[in-house]
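File shown here: target-v8.txt, holding compact mmCIF, C-alpha atoms.
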# COMPACT_ATOMS: atom_id res chain seq x y z
CA MET A 194 25.84 57.94 -51.89
CA THR A 195 23.44 55.42 -50.35
CA MET A 196 23.40 55.45 -46.58
CA ASN A 197 24.18 52.13 -44.90
CA LYS A 198 21.26 51.43 -42.62
CA GLY A 199 21.79 49.81 -39.26
CA LYS A 200 20.05 46.64 -38.13
CA TRP A 201 17.05 47.45 -35.97
CA ILE A 202 15.77 44.45 -34.02
CA ILE A 203 13.01 43.69 -31.52
CA LEU A 204 13.40 41.25 -28.65
CA LEU A 205 10.01 39.69 -28.00
CA GLY A 206 9.05 37.37 -25.16
CA ALA A 207 7.48 37.04 -21.73
CA PRO A 208 9.05 38.76 -18.68
CA GLY A 209 12.13 36.86 -17.51
CA CYS A 210 12.75 34.97 -20.77
CA GLY A 211 16.34 36.24 -21.05
CA LYS A 212 15.94 39.15 -23.44
CA GLY A 213 17.94 41.52 -21.24
CA THR A 214 20.91 39.16 -20.92
CA GLN A 215 21.18 38.69 -24.68
CA ALA A 216 20.72 42.41 -25.28
CA GLU A 217 23.63 43.12 -22.93
CA TYR A 218 25.84 40.73 -24.91
CA LEU A 219 24.97 42.35 -28.25
CA ILE A 220 25.67 45.80 -26.84
CA ASN A 221 29.13 44.77 -25.62
CA SER A 222 29.99 42.71 -28.73
CA THR A 223 31.77 43.88 -31.88
CA LEU A 224 28.34 44.37 -33.46
CA GLU A 225 28.07 47.55 -31.36
CA PHE A 226 24.33 47.49 -30.78
CA GLU A 227 22.72 50.25 -28.78
CA ALA A 228 19.71 49.56 -26.60
CA ILE A 229 16.40 51.32 -26.67
CA SER A 230 15.35 49.76 -23.38
CA VAL A 231 11.83 50.82 -22.56
CA GLY A 232 12.23 49.34 -19.08
CA ASN A 233 15.13 51.68 -18.34
CA ILE A 234 13.38 54.62 -19.98
CA LEU A 235 10.29 54.06 -17.84
CA ARG A 236 12.31 53.64 -14.65
CA ASP A 237 14.05 56.94 -15.40
CA SER A 238 10.60 58.48 -15.84
CA LYS A 239 8.94 56.72 -12.90
CA SER A 240 7.96 59.94 -11.12
CA THR A 241 6.12 61.27 -14.19
CA LEU A 242 2.36 61.47 -13.73
CA VAL A 243 0.39 59.59 -16.40
CA PRO A 244 -2.12 61.93 -18.10
CA GLY A 245 -5.72 61.10 -17.27
CA GLN A 246 -4.76 58.93 -14.30
CA ASN A 247 -3.97 59.77 -10.69
CA LYS A 248 -0.88 57.56 -10.79
CA THR A 249 2.75 57.92 -11.79
CA ILE A 250 4.55 55.74 -14.33
CA GLY A 251 6.36 54.04 -11.44
CA GLU A 252 3.12 53.23 -9.64
CA LEU A 253 1.60 51.61 -12.73
CA ILE A 254 4.76 49.59 -13.38
CA GLY A 255 4.85 48.43 -9.74
CA ALA A 256 1.28 47.18 -10.11
CA GLY A 257 2.27 45.22 -13.23
CA MET A 258 0.06 47.31 -15.53
CA LEU A 259 0.85 48.31 -19.11
CA LEU A 260 1.11 52.03 -19.79
CA PRO A 261 -1.03 53.76 -22.45
CA ASP A 262 0.50 53.25 -25.91
CA GLU A 263 0.80 56.96 -26.63
CA ILE A 264 2.96 57.51 -23.53
CA VAL A 265 5.45 54.77 -24.43
CA VAL A 266 5.59 55.73 -28.11
CA GLU A 267 6.49 59.32 -27.30
CA LEU A 268 9.21 58.25 -24.84
CA VAL A 269 10.74 56.00 -27.52
CA ARG A 270 10.65 58.80 -30.09
CA ARG A 271 12.47 61.12 -27.67
CA GLU A 272 15.12 58.46 -27.05
CA LEU A 273 15.76 58.05 -30.79
CA LEU A 274 16.18 61.81 -31.14
CA LYS A 275 19.13 61.66 -28.75
CA ILE A 276 21.16 59.38 -31.07
CA ASN A 277 23.31 60.94 -33.80
CA SER A 278 22.88 59.42 -37.29
CA VAL A 279 20.38 57.05 -35.72
CA ALA A 280 19.39 55.34 -39.00
CA THR A 281 22.94 53.99 -39.42
CA ARG A 282 23.18 52.52 -35.91
CA ASN A 283 22.44 48.96 -34.84
CA LEU A 284 19.56 49.22 -32.36
CA ILE A 285 17.78 46.82 -30.03
CA PHE A 286 14.22 47.58 -28.98
CA ASP A 287 14.11 45.78 -25.63
CA GLY A 288 10.70 45.40 -24.02
CA TYR A 289 8.96 47.29 -26.81
CA PRO A 290 6.53 47.08 -28.51
CA ARG A 291 4.14 45.26 -26.17
CA THR A 292 0.87 45.75 -28.03
CA ILE A 293 -0.32 45.77 -31.64
CA GLY A 294 -0.96 49.48 -31.28
CA GLN A 295 2.64 50.10 -30.20
CA ALA A 296 3.93 47.93 -33.07
CA GLU A 297 1.94 49.92 -35.61
CA ALA A 298 3.15 53.18 -34.07
CA LEU A 299 6.75 51.91 -34.10
CA ASN A 300 6.50 51.25 -37.85
CA VAL A 301 5.56 54.90 -38.30
CA VAL A 302 8.34 56.11 -36.00
CA THR A 303 11.07 54.00 -37.66
CA ASN A 304 10.05 55.39 -41.04
CA GLU A 305 10.34 58.90 -39.63
CA PHE A 306 13.95 58.13 -38.73
CA GLY A 307 14.80 56.55 -42.11
CA ASN A 308 14.90 52.88 -41.13
CA SER A 309 12.67 49.89 -40.33
CA ILE A 310 12.67 46.75 -38.18
CA SER A 311 14.94 44.05 -39.69
CA TYR A 312 14.40 41.16 -37.27
CA VAL A 313 12.00 40.23 -34.48
CA LEU A 314 13.49 37.63 -32.14
CA ASN A 315 10.79 35.74 -30.25
CA PHE A 316 12.07 34.07 -27.05
CA GLU A 317 10.02 30.93 -26.34
CA ILE A 318 10.08 29.48 -22.81
CA ASN A 319 8.11 27.12 -20.54
CA ASN A 320 6.01 28.85 -17.87
CA GLU A 321 7.47 26.83 -14.97
CA ILE A 322 11.02 27.79 -15.88
CA LEU A 323 9.89 31.36 -16.43
CA LEU A 324 8.43 31.60 -12.93
CA LYS A 325 11.67 30.39 -11.34
CA ARG A 326 13.73 32.80 -13.41
CA ILE A 327 11.67 35.77 -12.30
CA LEU A 328 10.84 34.94 -8.69
CA GLY A 329 14.38 33.73 -8.00
CA ARG A 330 16.42 36.57 -9.49
CA TYR A 331 18.30 39.16 -7.45
CA LYS A 332 21.34 41.39 -7.96
CA CYS A 333 24.39 42.63 -6.11
CA LEU A 334 23.92 46.27 -5.15
CA LYS A 335 27.66 46.92 -5.32
CA CYS A 336 28.50 45.68 -8.85
CA GLY A 337 25.11 44.87 -10.35
CA ARG A 338 25.79 41.18 -11.06
CA ILE A 339 22.59 39.13 -11.46
CA TYR A 340 21.95 35.88 -9.55
CA ASN A 341 19.07 33.40 -9.21
CA ASP A 342 17.99 31.26 -6.26
CA TYR A 343 17.24 28.29 -8.51
CA PHE A 344 19.71 28.51 -11.39
CA LEU A 345 22.62 30.75 -10.38
CA PRO A 346 23.07 31.32 -6.62
CA THR A 347 26.21 32.87 -5.17
CA LYS A 348 29.01 30.35 -4.51
CA VAL A 349 29.19 31.55 -0.91
CA PHE A 350 25.79 32.27 0.61
CA SER A 351 24.96 35.99 0.39
CA VAL A 352 28.43 36.98 -0.90
CA CYS A 353 28.83 38.25 -4.46
CA ASP A 354 31.17 36.08 -6.55
CA SER A 355 32.49 39.11 -8.45
CA CYS A 356 33.07 41.85 -5.88
CA GLY A 357 32.47 40.29 -2.46
CA GLY A 358 29.49 42.51 -1.82
CA VAL A 359 26.95 41.36 0.76
CA ASP A 360 24.03 43.64 -0.07
CA PHE A 361 21.50 42.36 -2.61
CA ASP A 362 18.20 43.54 -4.01
CA ARG A 363 15.17 42.20 -5.85
CA ARG A 364 12.94 44.14 -8.20
CA THR A 365 9.76 45.31 -6.47
CA ASP A 366 7.64 43.83 -9.28
CA ASP A 367 9.29 40.39 -8.99
CA ASN A 368 6.53 38.93 -6.82
CA LYS A 369 3.73 36.44 -7.49
CA ASP A 370 0.91 38.98 -7.53
CA SER A 371 2.63 41.37 -9.91
CA LEU A 372 3.94 38.51 -12.03
CA SER A 373 0.48 37.01 -12.51
CA ILE A 374 -0.75 40.39 -13.78
CA ARG A 375 2.28 40.85 -16.05
CA LEU A 376 1.90 37.38 -17.59
CA ALA A 377 -1.84 37.88 -18.09
CA GLU A 378 -1.15 41.23 -19.77
CA TYR A 379 1.55 39.61 -21.92
CA HIS A 380 -0.67 36.79 -23.18
CA GLU A 381 -3.59 39.11 -23.82
CA LYS A 382 -1.82 42.07 -25.45
CA THR A 383 1.75 41.14 -26.39
CA TYR A 384 1.44 37.52 -27.54
CA PRO A 385 -0.57 38.61 -30.63
CA LEU A 386 2.60 40.37 -31.84
CA ILE A 387 3.95 36.96 -32.84
CA ASP A 388 1.37 36.67 -35.61
CA PHE A 389 1.69 40.37 -36.43
CA TYR A 390 5.41 40.09 -37.19
CA ALA A 391 5.20 36.58 -38.68
CA LYS A 392 3.00 38.03 -41.42
CA SER A 393 5.80 40.49 -42.22
CA GLY A 394 8.33 37.67 -42.62
CA ILE A 395 10.73 39.07 -40.03
CA LEU A 396 9.88 36.84 -37.01
CA TYR A 397 12.43 34.28 -35.78
CA ASN A 398 11.59 31.89 -32.90
CA ILE A 399 14.34 31.13 -30.37
CA ASN A 400 14.43 28.40 -27.71
CA ALA A 401 15.00 30.57 -24.64
CA GLU A 402 15.24 27.53 -22.36
CA ALA A 403 18.68 26.74 -23.81
CA GLY A 404 21.91 27.97 -22.23
CA PHE A 405 23.25 31.45 -22.77
CA GLU A 406 25.82 30.42 -25.41
CA GLU A 407 23.33 28.42 -27.45
CA VAL A 408 20.79 31.25 -27.47
CA ARG A 409 23.54 33.74 -28.31
CA ASP A 410 24.78 31.66 -31.26
CA CYS A 411 21.23 31.30 -32.56
CA ILE A 412 20.81 35.08 -32.47
CA LEU A 413 24.13 35.68 -34.22
CA ASN A 414 23.21 33.23 -36.99
CA ILE A 415 19.98 35.14 -37.56
CA LEU A 416 21.68 38.53 -37.58
CA ASN A 417 24.26 37.33 -40.06
CA LYS A 418 21.50 36.75 -42.60
CA GLU A 419 21.20 39.38 -45.27
CA SER A 420 19.13 42.29 -43.98
CA LYS A 421 15.65 42.46 -45.38

Kindly transcribe the structure held in the file into structure tokens.
Amino acid sequence: MTMNKGKWIILLGAPGCGKGTQAEYLINSTLEFEAISVGNILRDSKSTLVPGQNKTIGELIGAGMLLPDEIVVELVRRELLKINSVATRNLIFDGYPRTIGQAEALNVVTNEFGNSISYVLNFEINNEILLKRILGRYKCLKCGRIYNDYFLPTKVFSVCDSCGGVDFDRRTDDNKDSLSIRLAEYHEKTYPLIDFYAKSGILYNINAEAGFEEVRDCILNILNKESK
């Protein structure tokens, strides 16, 4: 009997382009995607010392630096090992790969687990909008709901619309200095992935400046195509 392989997709785009929001929808939808979120994996491993450097994973992330490819690849492999019948599951690789080296390593890893990348969704967005999305975002510490100073503030100043919480937080790396480094790193090392995956015929460009529903529908239309 031939095993039905799951759809394995990559969400590609600059920090703050909306990848996480769409990933959350897919996870909670009837498509039953599971996330391989490198951001979450790295935050869970933030106290781990990076070999060859006198810094932890958390310290490098806070400075907006990319981690060595071999560190991230191994963390992703360990995450895949935790999932039963992983080749049959629908998976989202969120925030990974970020370099050509990671992409090449991911191709090897997916083959090890009996599957391959089906779709790469590239979120395209204007830099000015991107800056406001990142520098303006914050979340409720009580329920985790995300807000934005420019696009989605609370209805009552400093009171969460969902739970009434009054304590909020911003990511430590959501600042101009860190953001400038992250965007420079993205354009230098991650942007080339667009051509890398376009050559494989699995890249799909998405207008990430559109509203949530429009972006969601675009993604669903892509995923409903016959798997490659």

Would you tabulate, counting only C-alpha atoms, all residues of range 326-380 of chain A that have an atom at most 8 Å from an atom of range 251-259 of chain A, showing the closest pair of atoms and their distance in Å to one decimal, sorted by chain then ascending number, as a Markdown table?
| residue | atom | partner | partner_atom | distance |
| --- | --- | --- | --- | --- |
| A:Thr365 | CA | A:Gly255 | CA | 6.7 |
| A:Asp366 | CA | A:Gly255 | CA | 5.4 |
| A:Ser371 | CA | A:Gly257 | CA | 5.1 |
| A:Leu372 | CA | A:Gly257 | CA | 7.0 |
| A:Ile374 | CA | A:Gly257 | CA | 5.7 |
| A:Arg375 | CA | A:Gly257 | CA | 5.2 |
| A:Glu378 | CA | A:Leu259 | CA | 7.4 |

With 7 Å as the cut-off and only C-alpha atoms counted, what is the closest atom pair between each nearby residue of range 307-411 of chain A and range 209-222 of chain A? Distances in Å to one decimal, ordered by chain and number, as JSON lines.
{"residue": "A:Phe316", "atom": "CA", "partner": "A:Cys210", "partner_atom": "CA", "distance": 6.4}
{"residue": "A:Ile318", "atom": "CA", "partner": "A:Cys210", "partner_atom": "CA", "distance": 6.4}
{"residue": "A:Leu323", "atom": "CA", "partner": "A:Gly209", "partner_atom": "CA", "distance": 6.0}
{"residue": "A:Arg326", "atom": "CA", "partner": "A:Gly209", "partner_atom": "CA", "distance": 6.0}
{"residue": "A:Ile327", "atom": "CA", "partner": "A:Gly209", "partner_atom": "CA", "distance": 5.3}
{"residue": "A:Ala401", "atom": "CA", "partner": "A:Cys210", "partner_atom": "CA", "distance": 6.3}
{"residue": "A:Arg409", "atom": "CA", "partner": "A:Gln215", "partner_atom": "CA", "distance": 6.6}

Expected file: the selected residues, C-alpha atoms, as a PDB file, in the coordinates of the input:
ATOM      1  CA  PHE A 316      12.070  34.070 -27.050  1.00  0.00           C
ATOM      2  CA  ILE A 318      10.080  29.480 -22.810  1.00  0.00           C
ATOM      3  CA  LEU A 323       9.890  31.360 -16.430  1.00  0.00           C
ATOM      4  CA  ARG A 326      13.730  32.800 -13.410  1.00  0.00           C
ATOM      5  CA  ILE A 327      11.670  35.770 -12.300  1.00  0.00           C
ATOM      6  CA  ALA A 401      15.000  30.570 -24.640  1.00  0.00           C
ATOM      7  CA  ARG A 409      23.540  33.740 -28.310  1.00  0.00           C
TER       8      ARG A 409
END

(message) What's around Gly357 in chain A at 9 Å? Count only C-alpha atoms, leave out sequence neighbours fewer than 4 positions away in its own chain, and write the answer as a ChimeraX atom specification.
(response) /A:335,352-353

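CA of Phe405 in chain A lies 15.4 Å from CA of Arg338 in chain A.
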
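A straight line drawn from CA of Lys239 in chain A to CA of Lys325 in chain A is 26.5 Å long.
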
(message) Between A:Ala403, A:Val302, A:Val231, A:Cys336, which residue has the minimum interatomic distance to Cys356 in chain A, considering all atoms listed in the file?
(response) A:Cys336

(request) Go through A:Ile322, A:Ala280, A:Leu328, A:Ala228 one by one, measure the shortest atom-to-atom distance of each to Asn304 in chain A using only C-alpha atoms, and give the residue with the smallest value. (result)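 Nearest candidate to Asn304 in chain A out of A:Ile322, A:Ala280, A:Leu328, A:Ala228: A:Ala280.
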
(message) Env of Ser311 in chain A: 9 Å cut, atoms = all atoms listed in the file, seq-sep filter 2 positions within chain, self excluded. Answer as an MDAnalysis selection string.
(response) chainID A and resid 199:203 308:309 313 395 416 420:421

(request) Would you mind listing what lies within 12 Å of Gly206 in chain A as a count of residues only, with only C-alpha atoms counted and same-chain residues fewer than 4 positions away left out? (result) 35

(request) Would you please work out which residue, of A:Thr241, A:Thr223, A:Ser351, A:Asn197, is nearest to Ile264 in chain A when using all atoms listed in the file? (result)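 That would be A:Thr241, the residue with the smallest distance to Ile264 in chain A.
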
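With distances taken over all atoms listed in the file, A:Leu204 is the one residue among A:Leu334, A:Val266, A:Leu204, A:Val349 lying closest to Leu284 in chain A.
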
(message) Counting only C-alpha atoms, which residue out of A:Gln246, A:Asp237, A:Glu267, A:Ile285 sits closest to Glu225 in chain A?
(response)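 Closest to Glu225 in chain A, using only C-alpha atoms: A:Ile285.
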
(message) Can you measure CA of Ser393 in chain A to CA of Glu305 in chain A for me? One decimal in Å is fine.
(response)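 Between CA of Ser393 in chain A and CA of Glu305 in chain A the gap is 19.1 Å.
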
Listed atoms of range 196-215 of chain A boxed along x, y and z, 6 Å each side, centre and edge lengths in Å, one decimal, as JSON:
{"center_x": 15.8, "center_y": 45.2, "center_z": -32.0, "size_x": 28.7, "size_y": 32.5, "size_z": 41.1}

(request) Identify which of the residues A:Lys198, A:Asn247, A:Gly294, A:Leu273 lies closest to Ile234 in chain A, counting all atoms listed in the file when measuring atom-to-atom distances. (result)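 Checking each of A:Lys198, A:Asn247, A:Gly294, A:Leu273 against Ile234 in chain A, counting all atoms listed in the file, the winner is A:Leu273.
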